[in-house]
$ cat model06.csv   # CSV, C-alpha atoms
chain,number,residue,atom,x,y,z
I,1,MET,CA,36.5,55.2,-19.0
I,2,MET,CA,36.2,54.6,-22.7
I,3,ILE,CA,38.8,52.7,-24.6
I,4,GLY,CA,38.4,53.1,-28.2
I,5,SER,CA,39.7,51.4,-31.3
I,6,PRO,CA,38.3,52.4,-34.7
I,7,ASP,CA,35.6,49.7,-34.8
I,8,ILE,CA,35.2,48.5,-31.2
I,9,GLN,CA,34.5,50.5,-28.1
I,10,ILE,CA,34.6,48.9,-24.7
I,11,GLU,CA,33.2,50.4,-21.6
I,12,ASP,CA,35.3,49.2,-18.7
I,13,ARG,CA,33.9,49.3,-15.2
I,14,LEU,CA,35.4,47.8,-12.1
I,15,GLY,CA,32.9,45.8,-10.2
I,16,THR,CA,32.2,42.6,-8.3
I,17,LEU,CA,30.5,39.6,-9.8
I,18,LYS,CA,29.2,37.0,-7.5
I,19,THR,CA,28.8,33.4,-8.4
I,20,LEU,CA,26.4,31.1,-6.6
I,21,GLU,CA,29.2,30.5,-4.1
I,22,GLY,CA,29.5,34.2,-3.6
I,23,ARG,CA,33.3,34.1,-3.8
I,24,PHE,CA,34.2,35.3,-7.2
I,25,TRP,CA,35.5,38.7,-8.0
I,26,CYS,CA,36.4,40.1,-11.3
I,27,THR,CA,36.6,43.1,-13.4
I,28,PHE,CA,33.8,42.9,-15.9
I,29,VAL,CA,33.5,44.6,-19.2
I,30,ARG,CA,30.6,45.5,-21.4
I,31,MET,CA,31.0,46.1,-25.0
I,32,ASN,CA,28.4,48.6,-25.9
I,33,ARG,CA,29.0,48.7,-29.6
I,34,ARG,CA,30.5,46.3,-32.0
I,35,GLN,CA,30.4,46.9,-35.6
I,36,PHE,CA,29.6,44.0,-37.8
I,37,LEU,CA,30.2,43.9,-41.5
I,38,LEU,CA,27.5,42.2,-43.5
I,39,THR,CA,28.8,40.4,-46.5
I,40,SER,CA,26.8,40.4,-49.6
I,41,GLY,CA,25.3,37.3,-51.0
I,42,GLY,CA,22.5,34.9,-50.6
I,43,SER,CA,23.2,33.7,-47.1
I,44,ALA,CA,23.4,36.2,-44.2
I,45,LEU,CA,27.0,35.6,-43.3
I,46,VAL,CA,28.1,37.8,-40.5
I,47,THR,CA,31.8,38.4,-39.6
I,48,ALA,CA,33.4,40.7,-37.2
I,49,THR,CA,35.9,43.3,-38.4
I,50,ALA,CA,39.4,42.1,-37.9
I,51,ALA,CA,40.2,42.5,-34.2
I,52,PRO,CA,43.7,43.2,-33.0
I,53,ALA,CA,45.5,40.2,-31.5
I,54,THR,CA,44.3,39.2,-28.1
I,55,THR,CA,46.9,38.6,-25.3
I,56,VAL,CA,46.3,36.2,-22.5
I,57,LEU,CA,48.5,36.4,-19.4
I,58,TYR,CA,48.4,33.2,-17.5
I,59,GLY,CA,50.9,32.0,-14.9
I,60,ASP,CA,54.3,33.2,-15.9
I,61,HIS,CA,53.7,33.8,-19.5
I,62,ALA,CA,51.9,35.8,-22.1
I,63,VAL,CA,50.2,34.1,-25.1
I,64,THR,CA,49.1,35.9,-28.2
I,65,ILE,CA,46.0,34.4,-29.9
I,66,ASP,CA,44.9,35.5,-33.3
I,67,LYS,CA,41.4,34.1,-33.3
I,68,ILE,CA,38.7,34.6,-30.7
I,69,ARG,CA,34.9,34.5,-31.0
I,70,PRO,CA,33.4,37.9,-30.6
I,71,ASP,CA,31.4,38.0,-27.4
I,72,ALA,CA,30.1,40.9,-25.3
I,73,LYS,CA,31.3,39.5,-22.0
I,74,ASP,CA,33.4,36.3,-22.3
I,75,LEU,CA,36.7,35.3,-23.8
I,76,TRP,CA,36.0,32.4,-26.2
I,77,ILE,CA,39.1,30.8,-27.6
I,78,ARG,CA,39.7,27.9,-29.9
I,79,ALA,CA,39.9,24.7,-27.8
I,80,ALA,CA,43.1,24.0,-29.7
I,81,ASP,CA,44.7,27.1,-28.1
I,82,LEU,CA,43.9,25.9,-24.6
I,83,PRO,CA,47.1,23.9,-23.9
I,84,ARG,CA,49.5,26.7,-24.8
I,85,ILE,CA,47.6,29.1,-22.6
I,86,ASN,CA,47.2,27.1,-19.5
I,87,GLU,CA,48.3,23.5,-20.2
I,88,PHE,CA,44.7,22.2,-20.0
I,89,GLU,CA,43.5,20.0,-22.7
I,90,LEU,CA,39.8,19.2,-23.5
I,91,LYS,CA,39.1,15.5,-23.2
I,92,PRO,CA,35.8,13.6,-23.0
I,93,GLN,CA,36.0,13.7,-19.2
I,94,GLY,CA,36.6,17.4,-19.0
I,95,ALA,CA,39.5,19.9,-19.1
I,96,CYS,CA,42.5,18.1,-18.0
I,97,ARG,CA,46.0,19.1,-16.8
I,98,ALA,CA,48.4,16.4,-15.6
I,99,ALA,CA,46.3,14.1,-13.4
I,100,MET,CA,43.5,16.6,-12.7
I,101,CYS,CA,40.3,16.8,-14.8
I,102,ILE,CA,37.7,19.4,-14.3
I,103,PRO,CA,34.2,18.6,-15.7
I,104,VAL,CA,33.2,21.1,-18.4
I,105,SER,CA,29.5,21.9,-18.8
I,106,LYS,CA,28.1,22.1,-22.2
I,107,ASP,CA,27.6,25.9,-22.1
I,108,LEU,CA,31.4,26.4,-22.0
I,109,LYS,CA,31.8,24.7,-25.4
I,110,SER,CA,30.5,25.6,-28.8
I,111,GLY,CA,31.9,23.9,-31.8
I,112,GLU,CA,35.7,24.7,-31.9
I,113,TRP,CA,35.2,27.3,-29.2
I,114,PHE,CA,35.9,27.2,-25.5
I,115,ASN,CA,34.7,29.8,-22.9
I,116,LEU,CA,37.9,30.5,-21.0
I,117,THR,CA,36.4,33.1,-18.7
I,118,GLY,CA,33.4,30.9,-18.0
I,119,PHE,CA,35.8,28.2,-17.1
I,120,ALA,CA,37.7,30.6,-14.8
I,121,ARG,CA,34.5,31.5,-13.0
I,122,LYS,CA,33.8,27.9,-12.4
I,123,LEU,CA,37.3,27.6,-10.8
I,124,HIS,CA,36.8,30.8,-8.7
I,125,GLN,CA,39.8,32.2,-10.7
I,126,THR,CA,40.1,35.9,-11.1
I,127,TYR,CA,40.6,37.7,-14.4
I,128,VAL,CA,41.0,41.3,-15.4
I,129,PHE,CA,40.6,42.6,-19.0
I,130,ASP,CA,41.4,45.8,-20.8
I,131,SER,CA,42.4,46.8,-24.3
I,132,GLY,CA,42.9,43.4,-25.8
I,133,ALA,CA,44.7,41.9,-22.8
I,134,TRP,CA,43.3,39.4,-20.3
I,135,SER,CA,45.2,38.7,-17.1
I,136,PHE,CA,44.2,35.6,-15.2
I,137,GLY,CA,45.0,35.0,-11.5
I,138,GLU,CA,45.9,31.8,-9.8
I,139,ILE,CA,43.6,28.8,-9.9
I,140,PRO,CA,42.7,28.3,-6.2
I,141,LEU,CA,42.2,24.6,-6.6
I,142,MET,CA,45.8,24.2,-7.9
I,143,ARG,CA,47.2,26.7,-5.5
I,144,GLY,CA,45.6,24.7,-2.7
I,145,GLU,CA,48.1,21.9,-3.4
I,146,PHE,CA,50.9,24.3,-2.3
I,147,TYR,CA,49.2,25.0,1.0
I,148,LYS,CA,48.6,21.2,1.5
I,149,THR,CA,51.9,19.7,0.3
I,150,ARG,CA,54.3,22.6,0.9
I,151,ILE,CA,55.8,21.8,-2.5
I,152,ALA,CA,57.0,25.2,-3.8
I,153,PRO,CA,55.3,26.1,-7.1
I,154,ASP,CA,57.8,26.0,-9.9
I,155,PHE,CA,58.8,29.2,-11.7
I,156,ALA,CA,60.5,30.1,-15.0
I,157,VAL,CA,62.4,33.4,-14.8
I,158,PRO,CA,65.2,34.6,-17.0
I,159,ASP,CA,68.8,35.1,-15.8
I,160,ARG,CA,70.9,38.1,-16.8
I,161,LYS,CA,71.5,36.6,-20.2
I,162,GLY,CA,67.9,35.8,-20.9
I,163,ARG,CA,68.2,32.1,-20.2
I,164,LEU,CA,65.2,30.7,-18.4
I,165,VAL,CA,65.9,29.3,-14.9
I,166,HIS,CA,63.4,27.1,-13.2
I,167,LEU,CA,63.2,26.4,-9.5
I,168,SER,CA,63.0,22.7,-10.5
I,169,ASP,CA,66.6,23.0,-11.9
I,170,PHE,CA,67.8,22.9,-8.4
I,171,ARG,CA,66.1,19.7,-7.2
I,172,GLY,CA,68.5,17.6,-5.1
I,173,ARG,CA,70.0,20.7,-3.5
I,174,LYS,CA,68.9,23.1,-0.7
I,175,VAL,CA,67.9,26.4,-2.1
I,176,LEU,CA,67.5,29.9,-0.6
I,177,VAL,CA,65.4,32.0,-3.0
I,178,ILE,CA,65.7,35.7,-2.2
I,179,THR,CA,64.2,38.7,-3.9
I,180,TRP,CA,65.6,42.2,-3.9
I,181,ALA,CA,65.1,45.3,-6.1
I,182,SER,CA,67.0,48.3,-7.4
I,183,TRP,CA,64.2,50.6,-6.3
Q,1,MET,CA,69.8,45.5,-0.5
Q,2,ASP,CA,72.3,42.9,0.7
Q,3,LEU,CA,73.8,41.2,-2.4
Q,4,PRO,CA,77.4,41.4,-1.2
Q,5,GLY,CA,76.3,39.9,2.1
Q,6,TRP,CA,74.7,37.0,0.3
Q,7,GLN,CA,77.9,36.5,-1.7
Q,8,LYS,CA,79.8,35.8,1.5
Q,9,VAL,CA,77.1,33.4,2.7
Q,10,TYR,CA,77.2,31.6,-0.7
Q,11,ALA,CA,81.0,31.3,-0.5
Q,12,GLU,CA,80.7,29.8,2.9
Q,13,LEU,CA,77.9,27.3,2.3
Q,14,HIS,CA,77.8,26.5,-1.4
Q,15,GLU,CA,80.0,23.4,-1.1
Q,16,GLN,CA,77.4,21.9,1.2
Q,17,ASN,CA,75.0,21.3,-1.6
Q,18,PHE,CA,73.4,24.7,-1.2
Q,19,GLU,CA,72.3,27.2,-3.8
Q,20,ILE,CA,71.3,30.9,-3.6
Q,21,VAL,CA,68.9,32.1,-6.3
Q,22,ALA,CA,68.5,35.9,-6.2
Q,23,ALA,CA,65.6,37.4,-8.2
Q,24,ALA,CA,65.6,41.1,-8.9
Q,25,GLN,CA,62.0,42.3,-8.8
Q,26,ASP,CA,62.6,44.9,-11.4
Q,27,THR,CA,60.2,45.8,-14.2
Q,28,GLY,CA,63.2,47.9,-15.5
Q,29,GLY,CA,65.0,44.7,-16.2
Q,30,GLU,CA,68.8,44.2,-16.6
Q,31,VAL,CA,69.3,48.0,-17.1
Q,32,ALA,CA,67.9,48.6,-13.6
Q,33,ALA,CA,69.3,45.5,-11.8
Q,34,GLY,CA,72.5,44.4,-13.5
Q,35,LYS,CA,74.9,46.9,-12.0
Q,36,TRP,CA,74.0,45.8,-8.5
Q,37,TYR,CA,74.8,42.2,-9.3
Q,38,ASP,CA,78.1,43.4,-10.9
Q,39,ALA,CA,79.0,45.5,-7.8
Q,40,ALA,CA,78.4,42.5,-5.5
Q,41,LYS,CA,80.5,40.2,-7.8
Q,42,ALA,CA,77.6,37.7,-7.4
Q,43,THR,CA,78.4,34.2,-8.4
Q,44,TYR,CA,75.2,32.7,-7.2
Q,45,THR,CA,72.2,32.5,-9.6
Q,46,THR,CA,71.1,35.9,-10.6
Q,47,LEU,CA,67.7,36.4,-12.1
Q,48,VAL,CA,66.0,39.5,-13.6
Q,49,ASP,CA,62.3,39.1,-12.7
Q,50,THR,CA,60.5,41.9,-14.5
Q,51,GLN,CA,57.1,40.5,-13.8
Q,52,HIS,CA,57.7,39.8,-10.0
Q,53,THR,CA,57.0,36.2,-10.8
Q,54,VAL,CA,58.9,35.0,-7.7
Q,55,SER,CA,57.0,37.3,-5.3
Q,56,SER,CA,53.7,36.3,-6.9
Q,57,ALA,CA,54.6,32.5,-6.6
Q,58,TYR,CA,55.5,32.7,-2.9
Q,59,GLN,CA,53.4,35.6,-1.7
Q,60,PHE,CA,56.2,38.0,-1.0
Q,61,ILE,CA,55.1,41.6,-0.3
Q,62,ASN,CA,58.4,43.4,0.1
Q,63,VAL,CA,62.1,43.1,-0.6
Q,64,PRO,CA,64.3,41.5,0.5
Q,65,THR,CA,62.4,38.4,1.2
Q,66,GLY,CA,63.7,34.8,1.4
Q,67,ILE,CA,62.2,31.3,1.2
Q,68,TRP,CA,64.0,28.0,2.0
Q,69,ILE,CA,63.3,25.1,-0.2
Q,70,ASP,CA,64.7,21.6,0.4
Q,71,GLU,CA,66.1,18.9,-1.9
Q,72,ARG,CA,62.6,17.6,-2.8
Q,73,GLY,CA,61.2,21.1,-3.5
Q,74,LYS,CA,59.4,21.4,-0.2
Q,75,VAL,CA,59.2,24.8,1.5
Q,76,VAL,CA,61.2,24.6,4.8
Q,77,ARG,CA,60.6,28.2,5.8
Q,78,PRO,CA,58.2,30.6,3.9
Q,79,ALA,CA,58.5,34.3,3.3
Q,80,GLU,CA,60.7,36.2,5.8
Q,81,PRO,CA,62.9,39.3,5.6
Q,82,ALA,CA,66.2,38.1,4.2
Q,83,TRP,CA,69.1,40.2,5.4
Q,84,THR,CA,72.6,39.1,6.3
Q,85,ASN,CA,73.4,41.7,9.0
Q,86,ASN,CA,71.8,43.6,11.9
Q,87,GLN,CA,71.0,47.2,11.3
Q,88,THR,CA,68.7,49.8,12.9
Q,89,MET,CA,67.8,52.8,10.7
Q,90,LYS,CA,66.0,55.5,12.5
Q,91,ILE,CA,63.4,57.3,10.2
Q,92,GLY,CA,61.4,60.0,11.9
Q,93,GLU,CA,59.7,58.6,15.0
Q,94,LYS,CA,60.3,55.0,13.9
Q,95,SER,CA,63.0,52.6,13.0
Q,96,ILE,CA,63.7,49.9,10.4
Q,97,VAL,CA,65.3,46.9,12.0
Q,98,THR,CA,67.0,44.1,10.1
Q,99,GLU,CA,67.8,40.8,11.9
Q,100,GLY,CA,70.2,39.3,9.4
Q,101,GLU,CA,72.5,37.6,11.9
Q,102,ALA,CA,69.8,35.4,13.3
Q,103,TYR,CA,68.5,34.6,9.9
Q,104,VAL,CA,71.9,33.6,8.5
Q,105,ALA,CA,72.7,31.6,11.7
Q,106,ALA,CA,69.5,29.6,11.3
Q,107,LEU,CA,70.2,29.1,7.6
Q,108,ARG,CA,73.6,27.7,8.4
Q,109,ASP,CA,72.0,25.3,10.9
Q,110,TRP,CA,69.5,24.1,8.2
Q,111,VAL,CA,72.2,23.7,5.5
Q,112,LYS,CA,74.1,21.5,8.0
Q,113,ASN,CA,71.3,19.5,9.6
Q,114,GLY,CA,68.5,19.5,6.9
Q,115,GLU,CA,65.1,18.4,8.1
Q,116,ARG,CA,66.6,17.7,11.6
Q,117,SER,CA,67.3,21.4,11.9
Q,118,ILE,CA,65.3,23.0,14.7
Q,119,TYR,CA,64.6,25.8,12.2
Q,120,ALA,CA,62.8,23.5,9.8
Q,121,LEU,CA,59.2,24.5,10.4
Q,122,SER,CA,56.5,22.0,11.2
Q,123,ASP,CA,53.4,21.6,9.0
Q,124,ASP,CA,51.3,23.4,11.6
Q,125,GLU,CA,53.7,26.3,11.7
Q,126,PHE,CA,53.8,26.5,7.9
Q,127,ALA,CA,50.0,26.5,7.8
Q,128,ARG,CA,49.9,29.3,10.4
Q,129,ARG,CA,52.3,31.4,8.4
Q,130,VAL,CA,51.1,30.8,4.8
Q,131,LYS,CA,47.5,31.8,4.3
Q,132,PRO,CA,45.6,31.3,1.0
Q,133,ARG,CA,45.2,34.5,-0.9
Q,134,THR,CA,41.9,36.4,-0.5
Q,135,PRO,CA,39.9,37.2,-3.6
Q,136,ALA,CA,41.1,40.8,-3.4
Q,137,GLU,CA,44.7,39.6,-3.2
Q,138,MET,CA,44.1,37.3,-6.2
Q,139,GLU,CA,42.7,40.2,-8.2
Q,140,ALA,CA,45.6,42.4,-7.1
Q,141,ASP,CA,48.0,39.9,-8.4
Q,142,ALA,CA,46.3,39.6,-11.8
Q,143,SER,CA,46.0,43.4,-12.0
Q,144,PHE,CA,49.7,44.0,-11.2
Q,145,LYS,CA,50.7,41.6,-14.0
Q,146,LEU,CA,48.4,43.3,-16.4
Q,147,GLY,CA,50.1,46.6,-15.5
Q,148,VAL,CA,53.5,45.1,-16.2
Q,149,TRP,CA,52.2,43.9,-19.6
Q,150,PHE,CA,50.9,47.3,-20.5
Q,151,HIS,CA,54.2,48.9,-19.3
Q,152,ALA,CA,56.2,46.6,-21.6
Q,153,GLN,CA,53.9,47.6,-24.5
Q,154,GLY,CA,54.6,51.3,-23.9
Q,155,LYS,CA,51.0,51.9,-22.7
Q,156,GLN,CA,51.9,53.8,-19.5
Q,157,GLU,CA,48.5,55.1,-18.7
Q,158,LEU,CA,47.0,51.6,-18.7
Q,159,ALA,CA,50.0,50.4,-16.7
Q,160,ALA,CA,49.4,53.1,-14.1
Q,161,LYS,CA,45.7,52.3,-13.9
Q,162,TYR,CA,46.3,48.6,-13.1
Q,163,TRP,CA,49.1,49.2,-10.8
Q,164,ALA,CA,46.9,51.6,-8.9
Q,165,ARG,CA,44.2,48.9,-8.8
Q,166,ALA,CA,46.7,46.3,-7.4
Q,167,GLN,CA,47.7,48.8,-4.7
Q,168,GLN,CA,44.1,49.5,-3.8
Q,169,LEU,CA,43.2,45.8,-3.6
Q,170,ASN,CA,46.3,44.8,-1.6
Q,171,PRO,CA,47.6,47.9,0.3
Q,172,ASP,CA,50.0,45.9,2.4
Q,173,ASP,CA,52.0,44.9,-0.6
Q,174,TRP,CA,55.1,47.2,-0.8
Q,175,ASN,CA,56.3,45.6,-4.1
Q,176,TYR,CA,53.2,46.9,-5.9
Q,177,HIS,CA,53.8,50.4,-4.5
Q,178,ARG,CA,57.5,50.7,-4.7
Q,179,GLN,CA,57.8,49.3,-8.2
Q,180,GLU,CA,55.3,51.8,-9.5
Q,181,TRP,CA,56.8,54.7,-7.6
Q,182,SER,CA,60.2,53.9,-9.1
Q,183,PHE,CA,59.0,55.3,-12.4
Q,184,THR,CA,58.5,58.8,-10.9
Q,185,PRO,CA,61.7,58.9,-8.8
Q,186,GLN,CA,61.3,62.6,-7.8
Q,187,GLU,CA,58.1,61.7,-5.9
Q,188,ALA,CA,59.0,58.1,-4.8
Q,189,GLY,CA,60.8,59.1,-1.5
Q,190,LYS,CA,57.8,61.2,-0.3
Q,191,LYS,CA,55.3,58.5,-1.2
Q,192,TRP,CA,57.3,55.9,0.6
Q,193,ARG,CA,57.7,58.1,3.7
Q,194,ASP,CA,54.0,58.9,3.8
Q,195,LYS,CA,53.1,55.2,3.7
Q,196,PHE,CA,55.8,54.3,6.1
Q,197,ASP,CA,54.7,56.9,8.7
Q,198,LYS,CA,51.2,55.4,8.7
Q,199,LEU,CA,52.4,51.9,9.4
Q,200,GLU,CA,51.3,50.3,12.6
Q,201,GLN,CA,53.4,47.2,12.2
Q,202,PRO,CA,57.2,47.1,11.8
Q,203,TYR,CA,58.3,47.7,8.2
Q,204,TYR,CA,60.0,44.3,8.2
Q,205,PRO,CA,58.0,41.8,10.2
Q,206,LYS,CA,59.9,40.6,13.2
Q,207,LEU,CA,61.7,37.3,12.5
Q,208,GLU,CA,60.1,34.4,14.3
Q,209,ILE,CA,63.1,32.3,14.8
Q,210,SER,CA,63.3,30.3,18.0
Q,211,PRO,CA,65.2,29.2,19.8
Q,212,ALA,CA,67.6,32.1,18.9
Q,213,PRO,CA,70.4,30.6,16.9
Q,214,GLU,CA,73.9,30.7,18.5
Q,215,LYS,CA,76.3,33.1,17.0
Q,216,LYS,CA,78.9,31.5,14.7
$ encode --input "model06.csv" --output "structure tokens"
Amino acid sequence: MMIGSPDIQIEDRLGTLKTLEGRFWCTFVRMNRRQFLLTSGGSALVTATAAPATTVLYGDHAVTIDKIRPDAKDLWIRAADLPRINEFELKPQGACRAAMCIPVSKDLKSGEWFNLTGFARKLHQTYVFDSGAWSFGEIPLMRGEFYKTRIAPDFAVPDRKGRLVHLSDFRGRKVLVITWASW
Amino acid sequence: MDLPGWQKVYAELHEQNFEIVAAAQDTGGEVAAGKWYDAAKATYTTLVDTQHTVSSAYQFINVPTGIWIDERGKVVRPAEPAWTNNQTMKIGEKSIVTEGEAYVAALRDWVKNGERSIYALSDDEFARRVKPRTPAEMEADASFKLGVWFHAQGKQELAAKYWARAQQLNPDDWNYHRQEWSFTPQEAGKKWRDKFDKLEQPYYPKLEISPAPEKK
């Protein structure tokens, strides 16, 4: 299936990628044409045409990022955007979130850029991409804490007036969380 | 759905430091869900969960489903069918059975006795019931959320594509199916029935509550 925008075409195929551990699945994409504009002048400056904003779905929320590094396969974001996407922060010891730090190999970094999909593969984290939106699944390492400790992952879901309610708002009380649907 | 039933349970148990948080798994939002909360005159916490965040967080695959969480945030009982009454609905050759009376009786015991309740599950029993997601289930979860995103953007073809992908990757998840079917209501009943007729397990998993709670 071809998804076209005026200057970028993406061929999207569902498939299975295997890492060395053989556990990682994802939808992979191949950009088969990207039009570059060459600016005039002495130095051979190359810039991509203005791409539409990229959306990253991560955990409960959607983050719009306006600057990514064009790449045929991976999502390179500015390291500065990392915390608002997934609460990780790049530190000398790695990508850190709360007390956890994941070592980051050199190939995941390039100047101000950070390879978010490469990082996901390292974590055995699934992602799916289409038409400017990337959706990331759970991080198995962090999910494993739930299976081990039984502490319910927190959520943030709006009530009928749009006010965000967190499970953690009810600490100190017994809670029955029930789902239902109109359908 | 059983929102009025839960209102009765809430009225009975709320004073015992107990909360009910109901989350409508409705991509249609308040427009789809609100009138049902109104009809039940619900005074417990009423959420409108367009992205099925709660089902995703706790690995729920149908509605209604409940999870018990204690004062420290620990799961006491994971996903189970959460009804308040006993019903048997015959559909074709099979029946749908709800076991709400036992579920509510066990809940009452836990609200009163806390971790000493015989219905508070051991770590071993929790581990037996809650299995880590498979890679296919993880990809289904990410695909469903991508579909919800496209739906919200008005890109219905892309939404349909990723909802179909989620259904294919995790065929046991009724939420992925029924939510998508709700957007073509004239076909939804037939699709549900076709899938239901092929089921080998009960539509709602049998409650594993033992010993059977005493009636109030």
$ closest_residue --input "model06.csv" --among "Q:Tyr58, Q:Tyr203, Q:Tyr119, Q:Tyr176" --to "chain I" --atoms "all atoms listed in the file"
Q:Tyr58
$ residues_near_point --input "model06.csv" --point "(67.9, 46.5, -0.5)" --cutoff "7 Å" --atoms "only C-alpha atoms" --output "number ranges by chain"
I: 180-181; Q: 1-2, 63-64
$ interface_residues --input "model06.csv" --of "chain I" --to "chain Q" --cutoff "8 Å" --atoms "all atoms listed in the file" --output "PyMOL selection string"
chain I and resi 23-26+57+60+126-128+133-138+144+147+149-155+157-160+165+168+170-183
$ closest_residue --input "model06.csv" --among "Q:Asn85, Q:Gln153, Q:Thr43, Q:Ser95" --to "Thr55 in chain I" --atoms "all atoms listed in the file"
Q:Gln153
$ atom_distance --input "model06.csv" --atom1 "CA of Arg163 in chain I" --atom2 "CA of Gly59 in chain I"
18.1 Å
$ residues_around --input "model06.csv" --residues "Gly92 in chain Q" --least-positions-apart "2" --cutoff "10 Å" --atoms "all atoms listed in the file" --output "VMD selection string"
chain Q and resid 89 to 90 94 to 95 193 196 to 197
$ atom_distance --input "model06.csv" --atom1 "CA of Pro4 in chain Q" --atom2 "CA of Thr84 in chain Q"
9.2 Å
$ residues_around --input "model06.csv" --residues "Ile65 in chain I" --least-positions-apart "2" --cutoff "10 Å" --atoms "only C-alpha atoms" --output "VMD selection string"
chain I and resid 52 to 56 62 to 63 67 to 68 77 to 78 81 84 to 85
$ atom_distance --input "model06.csv" --atom1 "CA of Ala102 in chain Q" --atom2 "CA of Gln87 in chain Q"
12.0 Å
$ closest_residue --input "model06.csv" --among "Q:Ala159, Q:Ala11, Q:Leu207, Q:Ala152" --to "Asn86 in chain Q" --atoms "all atoms listed in the file"
Q:Leu207
$ residues_around --input "model06.csv" --residues "Pro83 in chain I" --least-positions-apart "2" --cutoff "12 Å" --atoms "all atoms listed in the file" --output "MDAnalysis selection string"
chainID I and resid 58 63 77:81 85:91 95:98 114 116
$ residues_near_point --input "model06.csv" --point "(36.2, 33.9, -23.1)" --cutoff "8 Å" --atoms "all atoms listed in the file" --output "ChimeraX atom specification"
/I:71,73-77,114-118
$ decode --input "model06.csv" --residues "range 86-139 of chain Q" --atoms "C-alpha atoms" --output "short mmCIF file (atom, residue, chain, number, x, y, z; two decimals), in the first residue's frame"
data_model
loop_
_atom_site.label_atom_id
_atom_site.label_comp_id
_atom_site.auth_asym_id
_atom_site.auth_seq_id
_atom_site.Cartn_x
_atom_site.Cartn_y
_atom_site.Cartn_z
CA ASN Q 86 -26.56 -13.60 38.04
CA GLN Q 87 -27.99 -13.96 34.57
CA THR Q 88 -28.12 -16.64 31.93
CA MET Q 89 -28.77 -15.48 28.40
CA LYS Q 90 -29.36 -18.22 25.89
CA ILE Q 91 -27.98 -17.36 22.45
CA GLY Q 92 -28.36 -20.08 19.84
CA GLU Q 93 -26.85 -23.28 21.15
CA LYS Q 94 -24.89 -21.53 23.86
CA SER Q 95 -25.43 -19.31 26.84
CA ILE Q 96 -23.78 -16.28 28.36
CA VAL Q 97 -23.57 -16.65 32.12
CA THR Q 98 -22.83 -13.85 34.57
CA GLU Q 99 -21.81 -14.63 38.14
CA GLY Q 100 -22.24 -11.25 39.77
CA GLU Q 101 -23.57 -12.44 43.12
CA ALA Q 102 -20.41 -14.35 43.98
CA TYR Q 103 -18.22 -11.52 42.66
CA VAL Q 104 -19.93 -8.88 44.79
CA ALA Q 105 -20.03 -11.13 47.87
CA ALA Q 106 -16.27 -11.70 47.57
CA LEU Q 107 -15.75 -7.95 47.08
CA ARG Q 108 -17.75 -7.23 50.22
CA ASP Q 109 -15.54 -9.64 52.15
CA TRP Q 110 -12.38 -7.96 50.90
CA VAL Q 111 -13.63 -4.44 51.67
CA LYS Q 112 -14.31 -5.61 55.23
CA ASN Q 113 -11.25 -7.78 55.84
CA GLY Q 114 -8.58 -6.36 53.54
CA GLU Q 115 -5.51 -8.53 53.04
CA ARG Q 116 -6.90 -11.06 55.50
CA SER Q 117 -9.81 -11.72 53.13
CA ILE Q 118 -9.78 -15.25 51.74
CA TYR Q 119 -10.42 -13.63 48.36
CA ALA Q 120 -7.14 -11.70 48.36
CA LEU Q 121 -5.02 -13.75 45.93
CA SER Q 122 -1.59 -15.11 46.80
CA ASP Q 123 1.45 -14.11 44.73
CA ASP Q 124 1.49 -17.56 43.15
CA GLU Q 125 -2.14 -17.28 42.14
CA PHE Q 126 -1.56 -13.77 40.79
CA ALA Q 127 1.37 -15.05 38.70
CA ARG Q 128 -0.75 -17.90 37.39
CA ARG Q 129 -3.47 -15.50 36.27
CA VAL Q 130 -1.46 -12.59 34.88
CA LYS Q 131 0.84 -13.60 32.06
CA PRO Q 132 3.25 -11.21 30.34
CA ARG Q 133 2.03 -10.09 26.94
CA THR Q 134 3.37 -12.00 23.97
CA PRO Q 135 5.12 -10.00 21.23
CA ALA Q 136 1.96 -10.32 19.10
CA GLU Q 137 -0.16 -8.95 21.96
CA MET Q 138 2.24 -6.04 22.39
CA GLU Q 139 2.05 -5.20 18.71
#
